[in-house]
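Containing mmCIF, C-alpha atoms: protein.cif.
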data_coords
loop_
_atom_site.label_atom_id
_atom_site.label_comp_id
_atom_site.auth_asym_id
_atom_site.auth_seq_id
_atom_site.Cartn_x
_atom_site.Cartn_y
_atom_site.Cartn_z
CA MET A 1 -38.51 -22.23 54.12
CA THR A 2 -41.40 -20.66 52.37
CA MET A 3 -41.14 -19.68 48.69
CA LYS A 4 -41.35 -16.00 49.66
CA LYS A 5 -38.38 -16.27 52.04
CA TYR A 6 -36.43 -18.28 49.44
CA LEU A 7 -36.89 -15.60 46.79
CA LEU A 8 -35.85 -12.88 49.24
CA LEU A 9 -32.69 -14.78 50.13
CA LEU A 10 -31.91 -15.31 46.43
CA ILE A 11 -32.27 -11.61 45.66
CA CYS A 12 -30.02 -10.61 48.57
CA SER A 13 -27.37 -13.09 47.50
CA ALA A 14 -27.43 -11.74 43.94
CA VAL A 15 -26.97 -8.20 45.17
CA LEU A 16 -24.00 -9.21 47.27
CA VAL A 17 -22.40 -11.14 44.42
CA LEU A 18 -22.86 -8.35 41.89
CA GLY A 19 -21.55 -5.79 44.32
CA GLY A 20 -18.52 -7.92 45.01
CA CYS A 21 -17.79 -8.41 41.28
CA ASP A 22 -17.76 -4.66 40.75
CA HIS A 23 -14.89 -4.21 43.23
CA ASP A 24 -11.77 -2.91 41.37
CA PHE A 25 -13.38 -3.94 38.07
CA ALA A 26 -12.25 -0.79 36.25
CA GLU A 27 -8.65 -1.29 37.37
CA MET A 28 -8.65 -4.99 36.45
CA ASN A 29 -10.11 -4.23 33.03
CA LYS A 30 -7.21 -1.99 31.95
CA ASN A 31 -5.02 -3.33 29.16
CA PRO A 32 -1.47 -3.30 30.61
CA TYR A 33 -0.10 -3.07 27.07
CA GLY A 34 -2.44 -0.32 25.89
CA ILE A 35 -0.94 3.02 24.88
CA THR A 36 -2.25 5.91 26.96
CA THR A 37 0.37 8.52 26.07
CA ILE A 38 2.42 9.20 22.97
CA ASN A 39 5.69 10.95 22.32
CA PRO A 40 4.95 14.01 20.14
CA ALA A 41 8.31 13.48 18.44
CA LEU A 42 6.96 10.25 16.93
CA LEU A 43 3.98 12.13 15.52
CA PHE A 44 6.41 14.70 14.14
CA ALA A 45 8.42 11.98 12.39
CA ASN A 46 5.25 10.60 10.83
CA ALA A 47 4.21 14.08 9.75
CA VAL A 48 7.51 14.51 7.90
CA ARG A 49 7.15 11.05 6.38
CA THR A 50 3.66 11.81 5.05
CA THR A 51 4.44 15.27 3.66
CA HIS A 52 3.50 15.37 -0.02
CA PRO A 53 6.60 16.21 -2.12
CA GLY A 54 4.90 16.61 -5.49
CA SER A 55 4.06 14.08 -8.18
CA TRP A 56 5.35 13.07 -11.58
CA GLU A 57 2.03 13.97 -13.21
CA GLY A 58 1.72 17.23 -11.30
CA GLU A 59 4.62 19.58 -10.68
CA GLN A 60 7.10 17.79 -12.96
CA THR A 61 4.62 17.93 -15.82
CA ILE A 62 3.96 21.64 -15.33
CA VAL A 63 7.66 22.49 -15.65
CA GLN A 64 7.95 20.13 -18.65
CA GLN A 65 10.44 17.69 -17.15
CA PHE A 66 8.23 14.65 -17.43
CA LEU A 67 4.93 13.63 -18.94
CA ASN A 68 2.35 10.90 -19.31
CA ALA A 69 1.91 10.33 -23.02
CA TYR A 70 -1.41 8.51 -22.72
CA ASP A 71 -4.53 10.67 -22.62
CA LEU A 72 -7.09 8.12 -21.50
CA GLY A 73 -8.99 6.79 -18.48
CA ALA A 74 -7.67 7.99 -15.13
CA THR A 75 -4.83 9.85 -16.88
CA SER A 76 -7.00 11.88 -19.27
CA GLY A 77 -6.37 15.59 -19.24
CA PHE A 78 -2.62 15.05 -19.21
CA ASN A 79 -2.09 18.53 -20.67
CA PHE A 80 -4.26 20.09 -17.96
CA ASN A 81 -7.17 20.55 -20.35
CA LEU A 82 -9.54 18.59 -18.10
CA ASP A 83 -10.64 19.16 -14.52
CA ASN A 84 -9.06 15.95 -13.25
CA ASN A 85 -8.70 15.64 -9.50
CA ASN A 86 -6.25 12.77 -9.95
CA PHE A 87 -3.71 15.50 -10.70
CA ASN A 88 -5.13 18.46 -8.75
CA MET A 89 -5.82 17.06 -5.31
CA PRO A 90 -3.00 14.75 -4.07
CA LYS A 91 -1.05 17.53 -2.34
CA TRP A 92 -4.21 18.86 -0.67
CA ASN A 93 -5.53 15.48 0.44
CA THR A 94 -2.25 14.06 1.72
CA ASN A 95 -1.17 17.15 3.64
CA TYR A 96 -4.54 17.92 5.21
CA GLU A 97 -5.59 14.33 5.92
CA ASN A 98 -2.24 13.34 7.40
CA THR A 99 0.56 15.85 7.85
CA ILE A 100 -1.32 18.89 9.18
CA LYS A 101 -3.39 16.81 11.64
CA LEU A 102 -0.29 15.03 12.94
CA LEU A 103 1.55 18.32 13.46
CA ALA A 104 -1.44 19.92 15.19
CA GLN A 105 -1.71 17.01 17.62
CA ALA A 106 2.06 16.81 18.20
CA ILE A 107 2.33 20.52 18.94
CA ALA A 108 -0.67 20.36 21.30
CA LEU A 109 0.92 17.46 23.19
CA ALA A 110 4.27 19.22 23.40
CA GLU A 111 2.60 22.35 24.78
CA GLU A 112 1.13 20.29 27.65
CA ASP A 113 4.61 19.37 28.86
CA PRO A 114 5.56 21.55 31.86
CA GLN A 115 9.11 21.63 30.46
CA PRO A 116 8.54 21.49 26.71
CA ASN A 117 11.35 20.51 24.41
CA VAL A 118 12.00 23.85 22.72
CA ASN A 119 13.99 22.26 19.90
CA LEU A 120 11.30 19.73 19.04
CA MET A 121 8.67 22.46 19.19
CA SER A 122 10.71 24.71 16.90
CA MET A 123 11.32 21.90 14.40
CA MET A 124 7.60 21.14 14.24
CA ARG A 125 6.72 24.80 13.73
CA ILE A 126 9.31 25.17 10.96
CA TRP A 127 8.05 22.07 9.19
CA ARG A 128 4.43 23.14 9.56
CA ALA A 129 5.41 26.44 7.91
CA HIS A 130 6.99 24.53 5.02
CA VAL A 131 3.87 22.43 4.49
CA PHE A 132 1.54 25.41 4.58
CA MET A 133 3.82 27.36 2.24
CA THR A 134 3.52 24.62 -0.37
CA LEU A 135 -0.26 24.55 0.09
CA VAL A 136 -0.80 28.30 -0.22
CA ASP A 137 1.66 28.45 -3.15
CA THR A 138 -0.43 25.81 -4.91
CA TYR A 139 -4.02 26.69 -4.02
CA GLY A 140 -4.10 30.31 -2.78
CA ASP A 141 -6.56 30.80 0.10
CA VAL A 142 -6.54 27.64 2.23
CA PRO A 143 -7.56 26.55 5.76
CA TYR A 144 -4.75 27.68 8.04
CA THR A 145 -5.51 28.97 11.53
CA GLU A 146 -8.11 26.27 12.23
CA ALA A 147 -6.69 23.50 10.04
CA GLY A 148 -6.02 20.04 11.44
CA ARG A 149 -7.80 20.67 14.75
CA ALA A 150 -10.98 18.66 14.29
CA TYR A 151 -10.02 16.26 17.09
CA LEU A 152 -8.68 18.98 19.35
CA ASP A 153 -11.50 21.52 18.92
CA GLN A 154 -14.28 19.49 17.23
CA ASN A 155 -14.09 22.04 14.43
CA PHE A 156 -14.91 20.12 11.26
CA PHE A 157 -15.30 23.18 9.04
CA PRO A 158 -12.12 25.30 9.34
CA VAL A 159 -12.21 28.75 7.82
CA TYR A 160 -10.22 29.57 4.70
CA ASN A 161 -7.63 32.25 5.43
CA ASP A 162 -6.52 34.91 2.97
CA ASP A 163 -3.24 33.97 1.30
CA GLN A 164 -1.63 37.31 2.20
CA GLU A 165 -2.45 36.77 5.88
CA ILE A 166 -1.01 33.27 5.71
CA TYR A 167 2.29 34.48 4.25
CA GLU A 168 2.55 37.12 6.97
CA ASP A 169 2.01 34.55 9.70
CA LEU A 170 4.46 32.13 8.05
CA TYR A 171 7.07 34.89 8.31
CA ARG A 172 6.39 35.20 12.04
CA GLU A 173 6.50 31.44 12.53
CA LEU A 174 9.75 30.91 10.62
CA THR A 175 11.61 33.77 12.28
CA SER A 176 10.51 33.01 15.84
CA ALA A 177 10.83 29.23 15.59
CA SER A 178 14.27 29.42 13.97
CA ALA A 179 15.50 31.90 16.57
CA ALA A 180 14.15 29.74 19.42
CA LEU A 181 16.26 26.71 18.46
CA ASP A 182 18.70 26.17 21.32
CA PRO A 183 22.08 24.45 20.82
CA ALA A 184 22.16 23.78 24.55
CA GLY A 185 18.71 22.19 24.43
CA SER A 186 17.60 18.61 23.91
CA TYR A 187 18.62 16.42 20.98
CA VAL A 188 15.69 15.03 18.95
CA PRO A 189 16.61 11.54 17.71
CA GLU A 190 13.26 11.12 15.91
CA ASP A 191 14.19 13.89 13.45
CA LEU A 192 14.16 12.17 10.04
CA PHE A 193 16.32 14.82 8.38
CA TYR A 194 19.20 15.25 10.80
CA GLY A 195 18.44 12.94 13.75
CA SER A 196 19.52 9.37 14.46
CA SER A 197 17.27 7.95 11.71
CA SER A 198 18.63 10.21 8.96
CA ALA A 199 21.25 9.55 6.30
CA THR A 200 24.05 11.44 8.06
CA PRO A 201 22.80 11.93 11.61
CA ALA A 202 23.89 14.78 13.79
CA VAL A 203 25.02 13.22 17.05
CA THR A 204 24.66 16.26 19.29
CA ALA A 205 21.97 18.88 19.79
CA ASP A 206 24.19 21.79 18.73
CA VAL A 207 24.94 20.21 15.32
CA GLN A 208 21.29 19.27 14.83
CA VAL A 209 20.15 22.77 15.78
CA ALA A 210 22.62 24.34 13.34
CA LYS A 211 21.11 22.25 10.53
CA TRP A 212 17.55 23.19 11.44
CA LYS A 213 18.44 26.88 11.67
CA LYS A 214 19.76 26.70 8.10
CA LEU A 215 16.59 24.90 7.04
CA GLY A 216 14.37 27.47 8.73
CA TYR A 217 16.19 30.45 7.24
CA SER A 218 16.34 28.82 3.80
CA LEU A 219 12.55 28.55 3.96
CA LEU A 220 12.46 32.20 5.01
CA LEU A 221 14.53 33.03 1.92
CA ARG A 222 12.00 31.15 -0.20
CA LEU A 223 9.17 33.05 1.49
CA GLY A 224 10.87 36.37 0.84
CA MET A 225 11.23 35.62 -2.84
CA ARG A 226 7.46 35.09 -3.04
CA TYR A 227 7.13 38.88 -2.61
CA SER A 228 9.56 39.72 -5.41
CA LYS A 229 6.90 41.01 -7.83
CA ILE A 230 4.15 42.26 -5.52
CA ASP A 231 6.33 44.02 -2.93
CA PRO A 232 10.03 44.20 -3.91
CA ASP A 233 11.01 46.23 -0.84
CA LYS A 234 9.52 43.65 1.49
CA ALA A 235 11.12 40.87 -0.51
CA GLY A 236 14.51 42.51 -0.18
CA ASP A 237 14.14 42.94 3.59
CA ILE A 238 13.10 39.33 4.20
CA VAL A 239 15.71 37.88 1.86
CA SER A 240 18.47 39.94 3.45
CA GLU A 241 17.32 38.87 6.92
CA ALA A 242 17.35 35.19 5.94
CA VAL A 243 20.76 35.24 4.27
CA ASN A 244 22.34 37.18 7.12
CA ALA A 245 20.95 34.66 9.62
CA GLY A 246 22.50 31.76 7.70
CA VAL A 247 21.02 29.53 4.99
CA MET A 248 22.07 26.19 3.53
CA ASP A 249 25.57 26.32 2.10
CA THR A 250 26.47 22.70 1.27
CA ASN A 251 24.65 19.58 0.05
CA ALA A 252 25.12 18.14 3.55
CA ASP A 253 22.44 20.61 4.69
CA ASP A 254 19.75 19.12 2.38
CA ALA A 255 16.48 18.07 4.01
CA TYR A 256 15.59 14.76 2.40
CA LEU A 257 14.24 11.31 3.18
CA ARG A 258 15.97 8.03 2.42
CA PHE A 259 14.19 4.78 1.59
CA THR A 260 14.90 1.06 1.63
CA THR A 261 13.57 -2.02 -0.13
CA ALA A 262 11.45 -2.70 2.97
CA TYR A 263 10.08 0.85 2.89
CA PRO A 264 10.25 2.00 -0.76
CA ASN A 265 9.74 5.45 -2.23
CA GLN A 266 6.00 5.71 -2.94
CA LEU A 267 6.52 8.79 -5.13
CA ASN A 268 8.12 6.57 -7.77
CA ASN A 269 5.42 3.93 -7.44
CA GLY A 270 3.31 5.21 -10.36
CA PRO A 271 5.98 5.29 -13.08
CA ARG A 272 7.49 2.04 -11.79
CA THR A 273 4.44 -0.17 -11.39
CA ILE A 274 1.47 1.23 -13.33
CA ASN A 275 2.11 0.89 -17.07
CA PRO A 276 5.70 2.23 -17.15
CA ARG A 277 5.36 2.64 -20.92
CA TYR A 278 3.04 5.60 -20.27
CA TYR A 279 5.80 7.80 -18.83
CA TYR A 280 8.58 9.71 -20.66
CA LEU A 281 10.89 12.65 -20.12
CA ALA A 282 9.66 15.77 -21.89
CA GLU A 283 11.40 17.06 -25.00
CA PRO A 284 12.42 20.48 -23.53
CA PHE A 285 14.04 18.80 -20.52
CA VAL A 286 15.99 16.25 -22.58
CA ASP A 287 17.09 18.96 -25.02
CA GLN A 288 18.33 21.10 -22.09
CA LEU A 289 20.31 18.21 -20.60
CA LYS A 290 21.87 17.39 -23.97
CA GLY A 291 22.50 20.99 -24.98
CA THR A 292 24.41 21.77 -21.78
CA ASP A 293 26.19 18.41 -21.59
CA ASP A 294 24.78 18.09 -18.07
CA PRO A 295 26.82 15.55 -16.03
CA ARG A 296 23.69 14.52 -14.12
CA ALA A 297 21.88 13.39 -17.26
CA LYS A 298 23.03 9.76 -17.18
CA TYR A 299 21.48 9.35 -13.75
CA ILE A 300 18.18 10.90 -14.87
CA TRP A 301 17.46 9.48 -18.33
CA GLY A 302 17.40 6.08 -19.97
CA LYS A 303 16.19 4.34 -23.13
CA TYR A 304 14.75 0.83 -23.11
CA THR A 305 13.86 -1.60 -25.89
CA GLU A 306 10.72 -2.52 -23.94
CA PRO A 307 9.37 0.58 -22.16
CA ASN A 308 6.87 -1.44 -20.15
CA ASP A 309 9.68 -3.44 -18.53
CA ALA A 310 11.93 -0.42 -17.93
CA PRO A 311 12.10 -0.73 -14.11
CA ASN A 312 13.63 -4.19 -14.47
CA ALA A 313 16.09 -3.43 -17.28
CA VAL A 314 19.48 -1.76 -17.64
CA PRO A 315 19.01 1.64 -19.33
CA ASP A 316 20.85 2.92 -22.36
CA VAL A 317 22.14 6.32 -21.16
CA ALA A 318 24.10 7.38 -24.27
CA PRO A 319 23.19 11.03 -25.02
CA GLU A 320 22.87 10.44 -28.77
CA ASN A 321 20.07 7.93 -28.16
CA GLN A 322 17.93 10.18 -25.94
CA PHE A 323 14.81 11.89 -27.33
CA GLY A 324 12.19 13.58 -25.17
CA PHE A 325 8.50 13.07 -25.89
CA PRO A 326 7.07 16.21 -27.55
CA VAL A 327 4.89 18.31 -25.23
CA GLY A 328 1.26 18.66 -26.29
CA TYR A 329 1.08 15.32 -28.06
CA ASN A 330 -0.43 12.05 -26.89
CA GLN A 331 -0.36 8.40 -27.90
CA ASN A 332 -2.54 9.13 -30.93
CA THR A 333 -1.33 12.51 -32.18
CA VAL A 334 2.42 11.95 -31.72
CA VAL A 335 2.52 9.98 -34.99
CA ASP A 336 1.91 13.30 -36.75
CA HIS A 337 4.90 15.01 -35.14
CA PRO A 338 7.48 15.93 -37.81
CA ALA A 339 10.28 14.23 -35.84
CA TYR A 340 8.26 11.21 -34.65
CA LYS A 341 10.65 8.53 -33.34
CA GLY A 342 8.33 5.56 -33.70
CA THR A 343 7.45 2.78 -31.30
CA ALA A 344 9.49 0.48 -29.08
CA GLY A 345 8.01 -2.68 -27.63
CA GLN A 346 4.64 -1.84 -26.09
CA GLY A 347 5.49 1.87 -25.88
CA PHE A 348 7.31 4.58 -27.79
CA ASN A 349 10.93 5.08 -28.81
CA TYR A 350 11.45 7.99 -26.42
CA THR A 351 13.52 8.58 -23.27
CA GLN A 352 12.19 7.40 -19.93
CA LEU A 353 13.48 7.74 -16.37
CA ASN A 354 16.64 5.99 -15.34
CA PHE A 355 14.87 3.48 -13.11
CA SER A 356 18.19 2.37 -11.63
CA VAL A 357 18.86 5.79 -10.07
CA VAL A 358 16.35 8.68 -10.08
CA GLY A 359 13.42 6.36 -10.71
CA SER A 360 14.64 3.71 -8.27
CA ALA A 361 12.37 2.29 -5.59
CA VAL A 362 14.90 3.51 -3.02
CA ALA A 363 15.52 6.95 -4.55
CA PRO A 364 15.44 9.73 -1.90
CA VAL A 365 12.84 12.50 -1.77
CA PHE A 366 14.26 16.02 -1.46
CA PHE A 367 12.22 18.77 0.18
CA VAL A 368 14.60 21.71 0.75
CA THR A 369 18.08 21.74 -0.73
CA HIS A 370 21.30 23.68 -0.99
CA ALA A 371 20.88 23.83 -4.79
CA GLN A 372 17.41 25.36 -4.51
CA THR A 373 18.74 27.85 -1.98
CA LYS A 374 21.60 28.93 -4.25
CA LEU A 375 19.19 29.47 -7.16
CA LEU A 376 17.02 31.69 -4.97
CA MET A 377 20.12 33.60 -3.90
CA ALA A 378 21.12 34.03 -7.53
CA GLU A 379 17.76 35.64 -8.24
CA ALA A 380 18.02 37.77 -5.11
CA ALA A 381 21.48 38.96 -6.16
CA TYR A 382 20.11 39.83 -9.59
CA HIS A 383 17.61 42.14 -7.88
CA GLY A 384 20.36 43.63 -5.71
CA TRP A 385 18.87 42.39 -2.43
CA ILE A 386 22.03 40.58 -1.32
CA GLY A 387 25.72 40.95 -2.13
CA GLY A 388 27.45 39.03 -4.87
CA SER A 389 26.33 38.30 -8.41
CA ALA A 390 23.74 35.94 -9.84
CA GLN A 391 26.51 34.16 -11.74
CA GLN A 392 28.49 33.69 -8.54
CA TYR A 393 25.60 31.90 -6.80
CA TYR A 394 24.60 29.95 -9.88
CA GLU A 395 28.13 28.69 -10.31
CA GLY A 396 28.22 27.95 -6.59
CA LEU A 397 25.96 24.95 -7.17
CA VAL A 398 28.93 22.67 -6.63
CA ILE A 399 28.12 18.97 -6.47
CA THR A 400 29.95 17.98 -3.31
CA LYS A 401 29.01 14.32 -3.74
CA THR A 402 30.48 12.29 -6.58
CA SER A 403 27.08 11.39 -8.05
CA PRO A 404 23.37 11.14 -7.18
CA ARG A 405 24.07 7.51 -6.24
CA ASP A 406 25.77 8.73 -3.08
CA PHE A 407 22.34 9.67 -1.73
CA PHE A 408 21.04 6.08 -2.08
#

Give the structure from this file in structure tokens form.
Amino acid sequence: MTMKKYLLLLICSAVLVLGGCDHDFAEMNKNPYGITTINPALLFANAVRTTHPGSWEGEQTIVQQFLNAYDLGATSGFNFNLDNNNFNMPKWNTNYENTIKLLAQAIALAEEDPQPNVNLMSMMRIWRAHVFMTLVDTYGDVPYTEAGRAYLDQNFFPVYNDDQEIYEDLYRELTSASAALDPAGSYVPEDLFYGSSSATPAVTADVQVAKWKKLGYSLLLRLGMRYSKIDPDKAGDIVSEAVNAGVMDTNADDAYLRFTTAYPNQLNNGPRTINPRYYYLAEPFVDQLKGTDDPRAKYIWGKYTEPNDAPNAVPDVAPENQFGFPVGYNQNTVVDHPAYKGTAGQGFNYTQLNFSVVGSAVAPVFFVTHAQTKLLMAEAAYHGWIGGSAQQYYEGLVITKTSPRDFF
């Protein structure tokens, strides 16, 4: 055989071999364990799990319940006198980077189903409304109509919507999604509030739907109260609509997440693990608890001989030993306060969290509650938008559980 014929034979053989190897290659190369579809309910559960509930150095500081006494390093600007994104941005970043994207994808997947689960869809829409309400309440104009759709639409620069337009659309979302919930529809076990993974799971769709309707209309009540100063007539109409439809009326309706030692409460991670001696209850809050002889106080406050080891110690909860850290002072200026209480261990002789209960690693996170709803109703009654008196609703905040420990 000549060299020319040999080369020709070699080339033909190679072509045949390569052609044969390509047969069914794509099918053979599929990973039999690879995920090609996903249940939107699982994305919904993760969206709820990642929703930002607020932070000790954010919302709780603003309302003077809690404060960081150390004005230095990453915690400088503790009295909001410094543009410090450590305090300003967590709600924005967490909700837009996680929660909103997960909800957008989950809703898109659910819409592709020829027989979509109307209850799951309604739950996701209600929760999306809650998340956006907290965002617009905090920041004003925010990305809304195009938010979270970068993967779906390749839109990486969503427009900022006017806050008034957002509130109007949230009204439409809450009313239509709440009304669409169907007691004869499908049960959603992945629901972290009232499903099979929750603290007190509803075992049938009708019970679960009843809970979500109360949640949806309680959020509508909250939305209505946002109009109380700019448009009282509109506020009254929305509030009346929500209350008539049925809002939360017992603590069993609360929307909250439980935690375990395997999956701890990350909200409490800062005060528990990063220099616990930095964190104290604020003086106005402690004075309010003491002045009203609040029965919840012993679960909220605690004094420790060594503030930096507070999460590992048994707190002193005696009211006479509790003193809130004065607002407006820091680790340097507090020594000039006329009622300065001195130091304790590596920190100060002031009241901290009760790290065995409220500050526990397994403490629950509450998002929407019966208590909050009753306070909103008290204000609405004061304005004459619903029947009853403000005192009636305020005194209706009955603790149906024996103590906060029953939530743990």

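The two atoms in question, CA of Gly324 (chain A) and CA of Trp301 (chain A), are spaced 9.6 Å apart.
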
When you look at region 33-49 of chain A with a cut-off of 7 Å (counting all atoms listed in the file), what residues show up, excluding the ones that are within fewer than 4 positions of it in the same chain? I need them as a VMD selection string. chain A and resid 98 to 99 102 to 103 106 109 to 110 120 124 190 to 192

Would you mind reading off the distance between CA of Asn330 (chain A) and CA of Ile300 (chain A), one decimal, in Å?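 Calculated distance between CA of Asn330 (chain A) and CA of Ile300 (chain A) is 22.2 Å.
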
Applying 6 Å and all atoms listed in the file, which residues near region 350-365 of chain A remain after dropping the ones on its own chain fewer than 2 positions away? List them as a PyMOL selection string. chain A and resi 256-260+264-265+280-281+299-303+311+322-325+348

Just want the 6 Å neighbourhood of Lys214 (chain A), counted on all atoms listed in the file, with same-chain residues fewer than 6 positions away dropped. Output as a PyMOL selection string. chain A and resi 246-248

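Contact shell of Ser55 (chain A) at 9 Å (only C-alpha atoms; same-chain neighbours under 6 positions omitted): Thr61, Phe87, Pro90, Lys91, Leu267 and Asn268 of chain A.
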
Nearest residue to Ala282 (chain A) out of A:Gly270, A:Gly328, A:Gly345, A:Pro315, using all atoms listed in the file?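 Counting all atoms listed in the file, the residue closest to Ala282 (chain A) is A:Gly328.
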
Kindly give the distance, in Å, that separates CA of Thr145 (chain A) and CA of Gly54 (chain A), rounded to a single decimal.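 According to the coordinates, CA of Thr145 (chain A) and CA of Gly54 (chain A) are separated by 23.5 Å.
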
Counting all atoms listed in the file, which residues come within 12 Å of (24.7, 19.8, 15.9), with the point read in the file's coordinates, and could you list them as a PyMOL selection string? chain A and resi 119+181-189+194-196+200-214+253

Which one is closest to Pro338 (chain A): A:Tyr227, A:Gly387, A:Pro326, A:Leu67? Count all atoms listed in the file.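 Nearest candidate to Pro338 (chain A) out of A:Tyr227, A:Gly387, A:Pro326, A:Leu67: A:Pro326.
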
Selection dump of the PyMOL selection byres ((chain A and resi 377-386) around 9), as a ChimeraX atom specification: /A:221,225,228,232-233,235-237,239-240,243,372-376,387-394

Any chance you could work out the residue set of the PyMOL selection byres ((chain A and resi 306) around 7) here, as a PyMOL selection string? chain A and resi 304-305+307-310+344-346

Name the residues in contact with Ser178 (chain A) at a cut-off of 9 Å, using all atoms listed in the file, excluding same-chain residues fewer than 3 positions from it; report them as an mmCIF file with C-alpha atoms, in the frame of the given file.
data_model
loop_
_atom_site.group_PDB
_atom_site.id
_atom_site.type_symbol
_atom_site.label_atom_id
_atom_site.label_comp_id
_atom_site.auth_asym_id
_atom_site.auth_seq_id
_atom_site.Cartn_x
_atom_site.Cartn_y
_atom_site.Cartn_z
ATOM 1 C CA SER A 122 10.710 24.710 16.900
ATOM 2 C CA MET A 123 11.320 21.900 14.400
ATOM 3 C CA ARG A 125 6.720 24.800 13.730
ATOM 4 C CA ILE A 126 9.310 25.170 10.960
ATOM 5 C CA GLU A 173 6.500 31.440 12.530
ATOM 6 C CA LEU A 174 9.750 30.910 10.620
ATOM 7 C CA THR A 175 11.610 33.770 12.280
ATOM 8 C CA LEU A 181 16.260 26.710 18.460
ATOM 9 C CA TRP A 212 17.550 23.190 11.440
ATOM 10 C CA LYS A 213 18.440 26.880 11.670
ATOM 11 C CA LYS A 214 19.760 26.700 8.100
ATOM 12 C CA LEU A 215 16.590 24.900 7.040
ATOM 13 C CA GLY A 216 14.370 27.470 8.730
ATOM 14 C CA TYR A 217 16.190 30.450 7.240
#

Contacts between region 133-139 of chain A and region 165-188 of chain A, please, where a residue of region 165-188 of chain A counts if it comes within 9 Å (with only C-alpha atoms); show its shortest atom pair and distance in Å to one decimal, rows by chain and ascending number, as CSV.
residue,atom,partner,partner_atom,distance
A:Ile166,CA,A:Val136,CA,7.7
A:Tyr167,CA,A:Met133,CA,7.6
A:Leu170,CA,A:Met133,CA,7.5

Considering all atoms listed in the file, state which residue in the set A:Gln164, A:Thr292, A:Asn269, A:Asn321 is at the smallest distance from Trp56 (chain A). A:Asn269

Since fewer atoms than expected are present, regenerate N, CA and C atoms for region 181-196 of chain A and write them as a short mmCIF file (atom, residue, chain, number, x, y, z; two decimals), in the frame of the given file.
data_model
loop_
_atom_site.label_atom_id
_atom_site.label_comp_id
_atom_site.auth_asym_id
_atom_site.auth_seq_id
_atom_site.Cartn_x
_atom_site.Cartn_y
_atom_site.Cartn_z
N LEU A 181 15.44 27.93 18.42
CA LEU A 181 16.26 26.71 18.46
C LEU A 181 17.47 26.93 19.36
N ASP A 182 17.70 25.99 20.28
CA ASP A 182 18.70 26.17 21.32
C ASP A 182 19.77 25.09 21.24
N PRO A 183 21.01 25.45 20.90
CA PRO A 183 22.08 24.45 20.82
C PRO A 183 22.37 23.77 22.15
N ALA A 184 21.97 24.39 23.23
CA ALA A 184 22.16 23.78 24.55
C ALA A 184 20.94 22.97 24.98
N GLY A 185 19.93 22.92 24.11
CA GLY A 185 18.71 22.19 24.43
C GLY A 185 18.81 20.71 24.12
N SER A 186 17.66 20.07 24.07
CA SER A 186 17.60 18.61 23.91
C SER A 186 17.79 18.18 22.45
N TYR A 187 18.47 17.07 22.28
CA TYR A 187 18.62 16.42 20.98
C TYR A 187 17.32 15.70 20.65
N VAL A 188 16.92 15.69 19.38
CA VAL A 188 15.69 15.03 18.95
C VAL A 188 16.05 13.87 18.02
N PRO A 189 16.19 12.66 18.55
CA PRO A 189 16.61 11.54 17.71
C PRO A 189 15.59 11.16 16.65
N GLU A 190 14.30 11.49 16.86
CA GLU A 190 13.26 11.12 15.91
C GLU A 190 13.26 11.98 14.64
N ASP A 191 14.05 13.01 14.61
CA ASP A 191 14.19 13.89 13.45
C ASP A 191 14.67 13.08 12.24
N LEU A 192 13.82 12.99 11.21
CA LEU A 192 14.16 12.17 10.04
C LEU A 192 15.15 12.84 9.10
N PHE A 193 15.37 14.13 9.25
CA PHE A 193 16.32 14.82 8.38
C PHE A 193 17.74 14.79 8.95
N TYR A 194 17.87 15.11 10.21
CA TYR A 194 19.20 15.25 10.80
C TYR A 194 19.38 14.46 12.11
N GLY A 195 18.37 13.72 12.52
CA GLY A 195 18.44 12.94 13.75
C GLY A 195 19.05 11.57 13.54
N SER A 196 18.86 10.68 14.49
CA SER A 196 19.52 9.37 14.46
C SER A 196 19.00 8.47 13.35
#
